[in-house]
Amino acid sequence: DAGITQSPRHKVTETGTPVTLRCHQTENHRYMYWYRQDPGHGLRLIHYSYGVKDTDKGEVSDGYSVSRSKTEDFLLTLESATSSQTSVYFCAISEPGQGEDNEQFFGPGTRLTVL
Amino acid sequence: GESVGLHLPTLSVQEGDNSIINCAYSNSASDYFIWYKQESGKGPQFIIDIRSNMDKRQGQRVTVLLNKTVKHLSLQIAATQPGDSAVYFCAEVTSGTYKYIFGTGTRLKVLA
């Protein structure tokens, strides 16, 4: 299994509080992604990174920010959590040119509940 | 691990039979199409991909077919096994963007 961990694995928080989710990889992959997964929507891309300090928005980026200060860590921050951000969050990594070009490796997920 | 939500389209297949999972995609400009498998409580796992200039690609026990005319992708699993029970997602991506767009998924149930 690719070395990807997510922390925390579960979190319950209140509306209006800041939340930071961490994705850590040991594979030295260049690309890292944050997705959310909700019933009826599949996986939706929030933000992704193509290198240290290089990030871009996905299709559902409103209300989220990210940072990547080093290759192995990609942080997702909800500045002021809302109930609509209750979801399961997945981190993924990829390295085009290694193995299958489009192969993404996913972490185990974080279940976030915003009350 | 974390689990996928309920209310997905479900395909039930007898063990040993072949399975066909279908997907409609949206972007004519997508260069690659990918199939993922997600088991209960886990993150998605890459199965196989296909370039837009191909119409068929085979892997181990799996075949992906691409019909660009009707924007349709299918995943065929030969001799379906209990371990194939999972949710299957298709995804599309345009080269250079790395913005993957996922479908909503299909649950495959393998009946013993």
# chains A, B, ... in the order shown; residues from 1 in each chain; ligands from 1
call {"tool": "interface_residues", "arguments": {"of": "chain A", "to": "chain B", "cutoff": "10 Å", "atoms": "only C-alpha atoms", "output": "short mmCIF file (atom, residue, chain, number, x, y, z; two decimals) with all heavy atoms, in the first residue's frame"}}
result
data_model
loop_
_atom_site.label_atom_id
_atom_site.label_comp_id
_atom_site.auth_asym_id
_atom_site.auth_seq_id
_atom_site.Cartn_x
_atom_site.Cartn_y
_atom_site.Cartn_z
N ARG A 9 -8.75 10.84 11.84
CA ARG A 9 -9.59 9.93 11.07
C ARG A 9 -11.07 10.24 11.27
O ARG A 9 -11.87 9.99 10.38
CB ARG A 9 -9.30 8.49 11.48
CG ARG A 9 -7.88 8.03 11.16
CD ARG A 9 -7.62 7.96 9.65
NE ARG A 9 -8.71 7.30 8.96
CZ ARG A 9 -8.89 6.00 8.94
NH1 ARG A 9 -8.04 5.20 9.55
NH2 ARG A 9 -9.91 5.48 8.29
N HIS A 10 -11.39 10.78 12.42
CA HIS A 10 -12.75 11.19 12.71
C HIS A 10 -12.69 12.50 13.47
O HIS A 10 -11.80 12.69 14.30
CB HIS A 10 -13.48 10.15 13.59
CG HIS A 10 -13.54 8.79 12.99
ND1 HIS A 10 -14.57 8.38 12.19
CD2 HIS A 10 -12.68 7.75 13.06
CE1 HIS A 10 -14.35 7.13 11.80
NE2 HIS A 10 -13.23 6.73 12.30
N TYR A 31 2.20 15.14 -6.92
CA TYR A 31 0.81 15.60 -6.90
C TYR A 31 0.08 15.09 -5.66
O TYR A 31 0.19 13.91 -5.30
CB TYR A 31 0.07 15.13 -8.15
CG TYR A 31 0.43 15.89 -9.40
CD1 TYR A 31 1.61 15.63 -10.08
CD2 TYR A 31 -0.42 16.88 -9.88
CE1 TYR A 31 1.95 16.34 -11.22
CE2 TYR A 31 -0.09 17.59 -11.03
CZ TYR A 31 1.09 17.32 -11.69
OH TYR A 31 1.42 18.03 -12.82
N MET A 32 -0.65 16.01 -5.04
CA MET A 32 -1.51 15.64 -3.92
C MET A 32 -2.87 16.30 -4.12
O MET A 32 -2.96 17.40 -4.68
CB MET A 32 -0.89 16.07 -2.58
CG MET A 32 0.45 15.38 -2.30
SD MET A 32 1.13 15.74 -0.67
CE MET A 32 0.08 14.72 0.38
N TYR A 33 -3.91 15.61 -3.64
CA TYR A 33 -5.29 16.04 -3.90
C TYR A 33 -6.12 15.91 -2.63
O TYR A 33 -5.89 15.01 -1.83
CB TYR A 33 -5.95 15.15 -4.96
CG TYR A 33 -5.14 14.90 -6.21
CD1 TYR A 33 -4.11 13.96 -6.21
CD2 TYR A 33 -5.43 15.57 -7.39
CE1 TYR A 33 -3.37 13.72 -7.36
CE2 TYR A 33 -4.69 15.32 -8.55
CZ TYR A 33 -3.67 14.40 -8.52
OH TYR A 33 -2.94 14.16 -9.66
N TYR A 35 -10.23 15.45 -1.83
CA TYR A 35 -11.58 15.21 -2.32
C TYR A 35 -12.53 15.14 -1.15
O TYR A 35 -12.15 14.79 -0.04
CB TYR A 35 -11.67 13.86 -3.06
CG TYR A 35 -10.90 13.76 -4.34
CD1 TYR A 35 -9.58 13.30 -4.36
CD2 TYR A 35 -11.50 14.08 -5.56
CE1 TYR A 35 -8.88 13.18 -5.55
CE2 TYR A 35 -10.79 13.96 -6.76
CZ TYR A 35 -9.49 13.51 -6.74
OH TYR A 35 -8.80 13.39 -7.92
N GLN A 37 -16.35 13.22 -0.34
CA GLN A 37 -17.25 12.19 -0.87
C GLN A 37 -18.57 12.27 -0.13
O GLN A 37 -18.62 12.13 1.10
CB GLN A 37 -16.65 10.79 -0.73
CG GLN A 37 -17.47 9.71 -1.40
CD GLN A 37 -16.77 8.36 -1.42
OE1 GLN A 37 -16.14 7.96 -0.46
NE2 GLN A 37 -16.87 7.67 -2.55
N ASP A 38 -19.63 12.47 -0.89
CA ASP A 38 -20.97 12.59 -0.33
C ASP A 38 -21.92 11.69 -1.12
O ASP A 38 -21.73 11.50 -2.32
CB ASP A 38 -21.48 14.04 -0.45
CG ASP A 38 -20.53 15.03 0.19
OD1 ASP A 38 -20.47 15.03 1.43
OD2 ASP A 38 -19.85 15.76 -0.54
N PRO A 39 -22.95 11.16 -0.45
CA PRO A 39 -23.93 10.32 -1.15
C PRO A 39 -24.51 11.05 -2.36
O PRO A 39 -24.90 12.21 -2.26
CB PRO A 39 -24.99 10.06 -0.09
CG PRO A 39 -24.26 10.21 1.20
CD PRO A 39 -23.24 11.29 0.98
N GLY A 40 -24.56 10.37 -3.49
CA GLY A 40 -25.15 10.95 -4.69
C GLY A 40 -24.22 11.84 -5.49
O GLY A 40 -24.58 12.27 -6.58
N HIS A 41 -23.01 12.10 -4.95
CA HIS A 41 -22.08 12.97 -5.66
C HIS A 41 -20.77 12.30 -6.01
O HIS A 41 -19.97 12.86 -6.73
CB HIS A 41 -21.78 14.22 -4.83
CG HIS A 41 -22.93 15.16 -4.73
ND1 HIS A 41 -23.25 16.05 -5.73
CD2 HIS A 41 -23.84 15.35 -3.74
CE1 HIS A 41 -24.32 16.75 -5.35
NE2 HIS A 41 -24.69 16.34 -4.16
N GLY A 42 -20.51 11.15 -5.50
CA GLY A 42 -19.22 10.55 -5.75
C GLY A 42 -18.12 11.38 -5.11
O GLY A 42 -18.33 12.08 -4.12
N LEU A 43 -16.95 11.35 -5.71
CA LEU A 43 -15.80 12.11 -5.22
C LEU A 43 -15.72 13.44 -5.97
O LEU A 43 -15.79 13.46 -7.20
CB LEU A 43 -14.51 11.32 -5.47
CG LEU A 43 -14.29 10.15 -4.54
CD1 LEU A 43 -13.55 9.05 -5.25
CD2 LEU A 43 -13.50 10.60 -3.32
N ARG A 44 -15.56 14.51 -5.23
CA ARG A 44 -15.42 15.82 -5.86
C ARG A 44 -14.11 16.46 -5.41
O ARG A 44 -13.80 16.50 -4.22
CB ARG A 44 -16.62 16.71 -5.51
CG ARG A 44 -17.92 16.23 -6.15
CD ARG A 44 -19.07 17.16 -5.84
NE ARG A 44 -19.45 17.08 -4.45
CZ ARG A 44 -20.36 17.87 -3.87
NH1 ARG A 44 -20.96 18.80 -4.59
NH2 ARG A 44 -20.65 17.72 -2.60
N LEU A 45 -13.39 16.99 -6.37
CA LEU A 45 -12.09 17.57 -6.10
C LEU A 45 -12.23 18.94 -5.44
O LEU A 45 -12.93 19.82 -5.96
CB LEU A 45 -11.30 17.69 -7.41
CG LEU A 45 -9.88 18.24 -7.31
CD1 LEU A 45 -8.98 17.30 -6.50
CD2 LEU A 45 -9.31 18.46 -8.70
N ILE A 46 -11.54 19.12 -4.32
CA ILE A 46 -11.58 20.39 -3.59
C ILE A 46 -10.40 21.27 -4.03
O ILE A 46 -10.57 22.39 -4.51
CB ILE A 46 -11.53 20.15 -2.07
CG1 ILE A 46 -12.64 19.21 -1.63
CG2 ILE A 46 -11.64 21.48 -1.32
CD1 ILE A 46 -12.53 18.76 -0.18
N HIS A 47 -9.21 20.77 -3.81
CA HIS A 47 -7.98 21.44 -4.22
C HIS A 47 -6.95 20.37 -4.56
O HIS A 47 -7.05 19.24 -4.09
CB HIS A 47 -7.39 22.28 -3.08
CG HIS A 47 -8.06 23.59 -2.83
ND1 HIS A 47 -7.80 24.73 -3.56
CD2 HIS A 47 -8.96 23.95 -1.88
CE1 HIS A 47 -8.52 25.74 -3.08
NE2 HIS A 47 -9.23 25.29 -2.07
N TYR A 48 -5.96 20.77 -5.32
CA TYR A 48 -4.84 19.87 -5.53
C TYR A 48 -3.54 20.66 -5.56
O TYR A 48 -3.55 21.90 -5.67
CB TYR A 48 -5.02 19.02 -6.78
CG TYR A 48 -4.86 19.75 -8.10
CD1 TYR A 48 -3.70 19.60 -8.85
CD2 TYR A 48 -5.88 20.54 -8.61
CE1 TYR A 48 -3.56 20.24 -10.07
CE2 TYR A 48 -5.74 21.19 -9.83
CZ TYR A 48 -4.58 21.03 -10.56
OH TYR A 48 -4.45 21.67 -11.77
N SER A 49 -2.44 19.93 -5.45
CA SER A 49 -1.12 20.55 -5.44
C SER A 49 -0.22 19.80 -6.41
O SER A 49 -0.25 18.57 -6.48
CB SER A 49 -0.53 20.50 -4.03
OG SER A 49 0.84 20.85 -4.05
N TYR A 50 0.57 20.56 -7.16
CA TYR A 50 1.50 19.95 -8.11
C TYR A 50 2.94 20.20 -7.72
O TYR A 50 3.86 20.03 -8.54
CB TYR A 50 1.21 20.41 -9.54
CG TYR A 50 0.99 21.88 -9.71
CD1 TYR A 50 2.03 22.73 -10.09
CD2 TYR A 50 -0.26 22.45 -9.48
CE1 TYR A 50 1.83 24.08 -10.25
CE2 TYR A 50 -0.46 23.81 -9.63
CZ TYR A 50 0.58 24.63 -10.01
OH TYR A 50 0.37 25.97 -10.15
N ASP A 56 -3.89 24.49 -6.73
CA ASP A 56 -4.93 24.98 -7.63
C ASP A 56 -6.28 24.50 -7.12
O ASP A 56 -6.37 23.53 -6.36
CB ASP A 56 -4.69 24.49 -9.05
CG ASP A 56 -5.40 25.34 -10.09
OD1 ASP A 56 -6.11 26.29 -9.71
OD2 ASP A 56 -5.26 25.04 -11.29
N LYS A 57 -7.32 25.21 -7.55
CA LYS A 57 -8.66 24.89 -7.09
C LYS A 57 -9.28 23.76 -7.90
O LYS A 57 -9.01 23.60 -9.09
CB LYS A 57 -9.56 26.13 -7.23
CG LYS A 57 -9.15 27.28 -6.35
CD LYS A 57 -10.08 28.46 -6.56
CE LYS A 57 -9.68 29.63 -5.67
NZ LYS A 57 -10.58 30.80 -5.86
N GLY A 58 -10.14 23.01 -7.21
CA GLY A 58 -10.94 22.01 -7.87
C GLY A 58 -12.35 22.53 -8.07
O GLY A 58 -12.59 23.74 -8.06
N GLU A 59 -13.29 21.61 -8.22
CA GLU A 59 -14.67 22.01 -8.53
C GLU A 59 -15.47 22.50 -7.33
O GLU A 59 -16.49 23.18 -7.50
CB GLU A 59 -15.40 20.85 -9.22
CG GLU A 59 -15.52 19.62 -8.37
CD GLU A 59 -16.23 18.47 -9.08
OE1 GLU A 59 -17.34 18.68 -9.60
OE2 GLU A 59 -15.68 17.35 -9.09
N VAL A 88 -17.04 12.92 4.07
CA VAL A 88 -15.84 12.10 4.20
C VAL A 88 -14.80 12.71 3.26
O VAL A 88 -15.08 12.91 2.07
CB VAL A 88 -16.10 10.63 3.84
CG1 VAL A 88 -14.80 9.84 3.95
CG2 VAL A 88 -17.17 10.05 4.76
N TYR A 89 -13.63 12.98 3.80
CA TYR A 89 -12.57 13.65 3.03
C TYR A 89 -11.45 12.64 2.73
O TYR A 89 -10.95 11.98 3.63
CB TYR A 89 -12.02 14.84 3.81
CG TYR A 89 -13.02 15.96 3.91
CD1 TYR A 89 -13.98 15.98 4.92
CD2 TYR A 89 -13.02 16.99 2.99
CE1 TYR A 89 -14.92 17.00 4.99
CE2 TYR A 89 -13.94 18.03 3.05
CZ TYR A 89 -14.90 18.02 4.05
OH TYR A 89 -15.83 19.03 4.12
N PHE A 90 -11.09 12.58 1.45
CA PHE A 90 -10.02 11.71 1.03
C PHE A 90 -8.86 12.51 0.46
O PHE A 90 -9.07 13.45 -0.32
CB PHE A 90 -10.49 10.72 -0.04
CG PHE A 90 -11.33 9.61 0.48
CD1 PHE A 90 -12.72 9.67 0.40
CD2 PHE A 90 -10.76 8.49 1.06
CE1 PHE A 90 -13.51 8.65 0.88
CE2 PHE A 90 -11.55 7.45 1.55
CZ PHE A 90 -12.92 7.54 1.46
N CYS A 91 -7.68 12.11 0.83
CA CYS A 91 -6.46 12.63 0.23
C CYS A 91 -5.97 11.60 -0.79
O CYS A 91 -6.16 10.39 -0.61
CB CYS A 91 -5.41 12.84 1.32
SG CYS A 91 -3.79 13.32 0.71
N ALA A 92 -5.35 12.08 -1.84
CA ALA A 92 -4.76 11.18 -2.84
C ALA A 92 -3.43 11.75 -3.31
O ALA A 92 -3.19 12.96 -3.20
CB ALA A 92 -5.70 11.00 -4.03
N SER A 94 -0.27 11.23 -6.53
CA SER A 94 0.09 10.61 -7.81
C SER A 94 1.43 11.14 -8.27
O SER A 94 1.87 12.23 -7.85
CB SER A 94 -0.98 10.85 -8.88
OG SER A 94 -1.01 12.20 -9.29
N PRO A 96 2.85 11.23 -12.08
CA PRO A 96 2.84 10.90 -13.50
C PRO A 96 4.23 10.49 -13.97
O PRO A 96 5.23 11.10 -13.61
CB PRO A 96 2.39 12.20 -14.16
CG PRO A 96 1.65 12.92 -13.09
CD PRO A 96 2.35 12.56 -11.81
N GLU A 100 1.42 3.49 -13.79
CA GLU A 100 0.33 3.99 -14.62
C GLU A 100 0.24 5.50 -14.43
O GLU A 100 0.14 5.98 -13.31
CB GLU A 100 -0.99 3.33 -14.20
CG GLU A 100 -1.02 1.83 -14.40
CD GLU A 100 -1.26 1.44 -15.84
OE1 GLU A 100 -1.46 2.33 -16.67
OE2 GLU A 100 -1.25 0.22 -16.12
N ASP A 101 0.23 6.24 -15.53
CA ASP A 101 0.26 7.70 -15.42
C ASP A 101 -0.89 8.27 -14.63
O ASP A 101 -0.73 9.29 -13.96
CB ASP A 101 0.23 8.31 -16.83
CG ASP A 101 1.64 8.46 -17.38
OD1 ASP A 101 2.60 8.18 -16.65
OD2 ASP A 101 1.76 8.83 -18.55
N ASN A 102 -2.06 7.67 -14.74
CA ASN A 102 -3.24 8.22 -14.10
C ASN A 102 -3.58 7.54 -12.79
O ASN A 102 -4.68 7.71 -12.28
CB ASN A 102 -4.42 8.12 -15.06
CG ASN A 102 -4.23 9.03 -16.24
OD1 ASN A 102 -4.23 10.23 -16.12
ND2 ASN A 102 -4.04 8.43 -17.40
N GLU A 103 -2.64 6.81 -12.23
CA GLU A 103 -2.93 6.10 -11.00
C GLU A 103 -2.80 7.05 -9.82
O GLU A 103 -1.73 7.61 -9.58
CB GLU A 103 -2.00 4.91 -10.82
CG GLU A 103 -2.34 4.07 -9.60
CD GLU A 103 -1.67 2.72 -9.63
OE1 GLU A 103 -0.80 2.50 -10.48
OE2 GLU A 103 -2.03 1.87 -8.77
N GLN A 104 -3.88 7.20 -9.11
CA GLN A 104 -3.88 7.93 -7.86
C GLN A 104 -3.97 6.93 -6.72
O GLN A 104 -4.71 5.96 -6.80
CB GLN A 104 -5.08 8.88 -7.77
CG GLN A 104 -5.04 10.05 -8.72
CD GLN A 104 -6.24 10.96 -8.52
OE1 GLN A 104 -7.38 10.52 -8.49
NE2 GLN A 104 -5.99 12.25 -8.37
N PHE A 105 -3.24 7.21 -5.65
CA PHE A 105 -3.30 6.39 -4.45
C PHE A 105 -4.04 7.19 -3.38
O PHE A 105 -3.69 8.35 -3.11
CB PHE A 105 -1.90 6.04 -3.96
CG PHE A 105 -1.11 5.27 -4.97
CD1 PHE A 105 -0.27 5.92 -5.86
CD2 PHE A 105 -1.20 3.88 -5.04
CE1 PHE A 105 0.46 5.21 -6.79
CE2 PHE A 105 -0.46 3.17 -5.97
CZ PHE A 105 0.37 3.84 -6.85
N PHE A 106 -5.04 6.55 -2.80
CA PHE A 106 -5.89 7.25 -1.84
C PHE A 106 -5.57 6.87 -0.41
O PHE A 106 -5.20 5.73 -0.12
CB PHE A 106 -7.36 6.93 -2.12
CG PHE A 106 -7.92 7.69 -3.30
CD1 PHE A 106 -7.71 7.23 -4.59
CD2 PHE A 106 -8.65 8.84 -3.11
CE1 PHE A 106 -8.21 7.93 -5.68
CE2 PHE A 106 -9.17 9.55 -4.19
CZ PHE A 106 -8.94 9.09 -5.48
N GLY A 107 -5.74 7.85 0.48
CA GLY A 107 -5.64 7.59 1.90
C GLY A 107 -6.91 6.95 2.42
O GLY A 107 -7.87 6.74 1.67
N PRO A 108 -6.97 6.66 3.73
CA PRO A 108 -8.11 5.95 4.31
C PRO A 108 -9.33 6.82 4.56
O PRO A 108 -10.40 6.32 4.85
CB PRO A 108 -7.55 5.41 5.63
CG PRO A 108 -6.49 6.40 5.99
CD PRO A 108 -5.89 6.85 4.70
N GLY A 109 -9.17 8.12 4.45
CA GLY A 109 -10.31 9.01 4.64
C GLY A 109 -10.44 9.58 6.04
O GLY A 109 -9.95 9.01 7.01
N THR A 110 -11.11 10.73 6.12
CA THR A 110 -11.44 11.38 7.40
C THR A 110 -12.92 11.70 7.38
O THR A 110 -13.41 12.34 6.46
CB THR A 110 -10.66 12.69 7.57
OG1 THR A 110 -9.27 12.41 7.68
CG2 THR A 110 -11.13 13.44 8.82
N ARG A 111 -13.62 11.22 8.40
CA ARG A 111 -15.04 11.54 8.51
C ARG A 111 -15.18 12.78 9.38
O ARG A 111 -14.81 12.77 10.55
CB ARG A 111 -15.83 10.39 9.11
CG ARG A 111 -17.33 10.69 9.23
CD ARG A 111 -18.11 9.48 9.70
NE ARG A 111 -18.13 8.41 8.71
CZ ARG A 111 -18.96 8.37 7.67
NH1 ARG A 111 -19.81 9.33 7.47
NH2 ARG A 111 -18.92 7.34 6.84
#
call {"tool": "residues_around", "arguments": {"residues": "segment 59-63 of chain B", "least_positions_apart": "6", "cutoff": "8 Å", "atoms": "only C-alpha atoms", "output": "PyMOL selection string"}}
result
chain B and resi 48+75-79
call {"tool": "write_last_selection", "arguments": {"atoms": "C-alpha atoms", "output": "compact mmCIF listing (two decimals), in the first residue's frame"}}
result
# COMPACT_ATOMS: atom_id res chain seq x y z
CA ILE B 48 -7.35 0.41 -15.13
CA LEU B 75 -15.85 -1.94 -17.22
CA GLN B 76 -16.18 -5.65 -17.80
CA ILE B 77 -15.10 -8.03 -15.05
CA ALA B 78 -14.68 -11.64 -16.08
CA ALA B 79 -15.60 -14.50 -13.77
call {"tool": "select_by_dssp", "arguments": {"residues": "chain A", "states": "strand (DSSP E or B)", "output": "number ranges by chain"}}
result
A: 4-7, 10-13, 19-25, 31-38, 42-51, 54-57, 64-70, 73-78, 87-94, 105-106, 110-114
